[in-house]
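Containing mmCIF, C-alpha atoms: upload.cif.
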```
data_run
#
loop_
_atom_site.label_atom_id
_atom_site.label_comp_id
_atom_site.auth_asym_id
_atom_site.auth_seq_id
_atom_site.Cartn_x
_atom_site.Cartn_y
_atom_site.Cartn_z
CA MET Y 46 76.32 78.69 -2.70
CA GLY Y 47 77.04 75.44 -4.55
CA VAL Y 48 80.56 75.14 -3.16
CA LEU Y 49 79.27 75.86 0.36
CA PHE Y 50 76.55 73.21 -0.05
CA ILE Y 51 79.01 70.57 -1.29
CA THR Y 52 81.39 71.41 1.57
CA VAL Y 53 78.67 71.13 4.21
CA VAL Y 54 77.32 67.87 2.75
CA GLY Y 55 80.87 66.50 2.47
CA PHE Y 56 81.60 67.23 6.12
CA ALA Y 57 78.19 65.82 7.16
CA THR Y 58 78.90 62.63 5.21
CA MET Y 59 82.35 62.34 6.76
CA LEU Y 60 80.99 62.93 10.26
CA LEU Y 61 78.15 60.42 9.89
CA TRP Y 62 80.45 57.81 8.35
CA ASN Y 63 83.09 58.21 11.04
CA CYS Y 64 80.48 58.05 13.83
CA LEU Y 65 78.67 54.98 12.49
CA ILE Y 66 80.70 52.76 10.18
CA PRO Y 67 83.85 52.12 12.26
CA GLU Y 68 81.87 51.15 15.33
CA LEU Y 69 79.04 49.22 13.66
CA PHE Y 70 80.94 47.45 10.89
CA HIS Y 71 84.62 47.89 11.87
CA GLY Y 72 85.14 49.93 8.70
CA PRO Y 73 87.78 52.59 8.13
CA VAL Y 74 87.69 56.21 9.25
CA ILE Y 75 87.55 58.52 6.21
CA ASN Y 76 88.63 62.09 5.53
CA PHE Y 77 86.76 64.93 3.79
CA TRP Y 78 88.01 64.05 0.29
CA GLN Y 79 87.06 60.40 0.70
CA ALA Y 80 83.59 61.51 1.81
CA LEU Y 81 83.24 63.60 -1.36
CA GLY Y 82 84.40 60.59 -3.38
CA LEU Y 83 81.74 58.42 -1.73
CA MET Y 84 79.08 61.00 -2.56
CA LEU Y 85 80.23 61.10 -6.18
CA LEU Y 86 80.28 57.31 -6.35
CA GLY Y 87 76.74 57.20 -4.98
CA LYS Y 88 75.58 59.65 -7.62
CA LEU Y 89 77.27 57.66 -10.38
CA LEU Y 90 75.76 54.39 -9.19
CA PHE Y 91 72.28 55.61 -8.32
CA GLY Y 92 71.79 58.42 -10.83
CA TRP Y 93 71.37 62.15 -10.98
CA HIS Y 94 67.55 62.18 -11.13
CA ASN Y 95 65.41 64.80 -9.45
CA HIS Y 96 64.04 63.46 -6.14
CA HIS Y 97 60.83 65.47 -6.53
CA ASP Y 98 60.02 63.43 -9.64
CA LYS Y 99 59.62 60.29 -7.50
CA PHE Y 100 56.78 61.84 -5.56
CA GLY Y 101 54.98 62.82 -8.77
CA ARG Y 102 55.21 59.27 -10.11
CA GLY Y 103 53.74 57.95 -6.87
CA ARG Y 104 50.69 60.15 -7.26
CA GLU Y 105 50.32 59.17 -10.92
CA TRP Y 106 50.43 55.47 -9.99
CA LYS Y 107 47.72 55.97 -7.36
CA ALA Y 108 45.57 57.92 -9.83
CA ARG Y 109 45.93 55.17 -12.48
CA LEU Y 110 45.02 52.52 -9.91
CA LYS Y 111 41.99 54.55 -8.80
CA ASP Y 112 40.84 54.95 -12.43
CA ARG Y 113 41.35 51.25 -13.08
CA MET Y 114 39.39 50.30 -9.96
CA ALA Y 115 36.55 52.65 -10.97
CA ASN Y 116 36.09 50.71 -14.22
CA MET Y 117 35.88 47.31 -12.48
CA THR Y 118 32.95 45.36 -11.19
CA PRO Y 119 32.76 44.92 -7.39
CA GLU Y 120 33.94 41.32 -7.77
CA GLU Y 121 36.95 42.43 -9.82
CA GLN Y 122 37.71 45.15 -7.26
CA ASP Y 123 37.66 42.59 -4.44
CA LYS Y 124 39.93 40.29 -6.43
CA MET Y 125 42.35 43.18 -7.11
CA ARG Y 126 42.39 44.21 -3.42
CA GLU Y 127 43.08 40.63 -2.34
CA HIS Y 128 45.86 40.36 -4.93
CA LEU Y 129 47.48 43.60 -3.72
CA ARG Y 130 47.26 42.43 -0.09
CA ASN Y 131 48.94 39.14 -1.03
CA ARG Y 132 51.54 40.96 -3.13
CA CYS Y 133 52.54 43.16 -0.20
CA ARG Y 134 52.73 40.16 2.14
CA THR Y 135 54.91 38.03 -0.11
CA GLY Y 136 57.09 40.79 -1.54
CA PHE Y 137 57.16 42.29 -4.98
CA GLY Y 138 59.53 39.71 -6.46
CA ALA Y 139 57.05 36.88 -5.93
CA TRP Y 140 54.26 38.54 -7.93
CA LYS Y 141 53.34 37.51 -11.45
CA ARG Y 142 50.90 39.35 -13.69
CA ASP Y 143 49.18 36.07 -14.67
CA ASP Y 144 48.05 35.62 -11.06
CA TRP Y 145 45.50 38.43 -11.50
CA HIS Y 146 43.54 36.36 -13.97
CA ARG Y 147 43.94 33.03 -12.21
CA ASP Y 148 41.01 31.53 -10.31
CA PRO Y 149 42.01 31.61 -6.60
CA GLU Y 150 40.43 28.17 -6.06
CA GLN Y 151 42.60 26.66 -8.80
CA PRO Y 152 46.12 25.49 -7.81
CA LYS Y 153 48.96 27.63 -9.17
CA ASN Y 154 51.05 24.80 -10.65
CA GLU Y 155 48.47 22.73 -12.42
CA GLU Y 156 49.81 20.11 -14.75
CA LYS Y 157 48.49 20.02 -18.27
CA GLU Y 158 47.11 16.76 -19.48
CA SER Y 159 49.07 15.30 -22.35
CA HIS Y 160 47.35 13.12 -24.92
#
```

Translate this file's structure into structure tokens.
Amino acid sequence: MGVLFITVVGFATMLLWNCLIPELFHGPVINFWQALGLMLLGKLLFGWHNHHDKFGRGREWKARLKDRMANMTPEEQDKMREHLRNRCRTGFGAWKRDDWHRDPEQPKNEEKESH
């Protein structure tokens, strides 16, 4: 069954690659063995983890967030919701943990007074 699965996935990869990549990106046409090599390369680069584990972590994250929100005051919950809305708008790379505790009325880059 494993050999059959690898063969089918290899041919599917080759077929998809040859239908899409040459026309879209002017890339090369590949054969079956090159398709298997690409699959192996993908596994080496992106890992051998179980895909079902990702879904479990997603539920755990939601449960932790729900528990955290339950222990907050309504004002803190509103502040957290606003922060999450802003985080999703600006992208995850722009988010800093210190922003949660910052007063929204206060400018982000305030200069400290030196004496």

Translate the PyMOL selection byres ((chain Y and resi 83-88) around 12), as applied to the file shown, into an explicit residue set as a list of chain:residue names.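 On the file shown, the PyMOL selection byres ((chain Y and resi 83-88) around 12) covers Y:Ile51, Y:Thr52, Y:Val54, Y:Gly55, Y:Phe56, Y:Ala57, Y:Thr58, Y:Met59, Y:Trp62, Y:Ile75, Y:Asn76, Y:Phe77, Y:Trp78, Y:Gln79, Y:Ala80, Y:Leu81, Y:Gly82, Y:Leu89, Y:Leu90, Y:Phe91, Y:Gly92, Y:Trp93, Y:His94, Y:Asn95.
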
Can you measure atom CA of Ala115 of chain Y to atom CA of His128 of chain Y for me? One decimal in Å is fine.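 Those two atoms sit 16.6 Å apart.
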
In Å and to one decimal, atom CA of Asn131 of chain Y is distant from atom CA of Glu105 of chain Y by 22.4 Å

Report, in Å with one decimal, the straight-line distance from atom CA of Arg113 of chain Y to atom CA of Glu127 of chain Y.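 We find that atom CA of Arg113 of chain Y and atom CA of Glu127 of chain Y lie 15.2 Å from each other.
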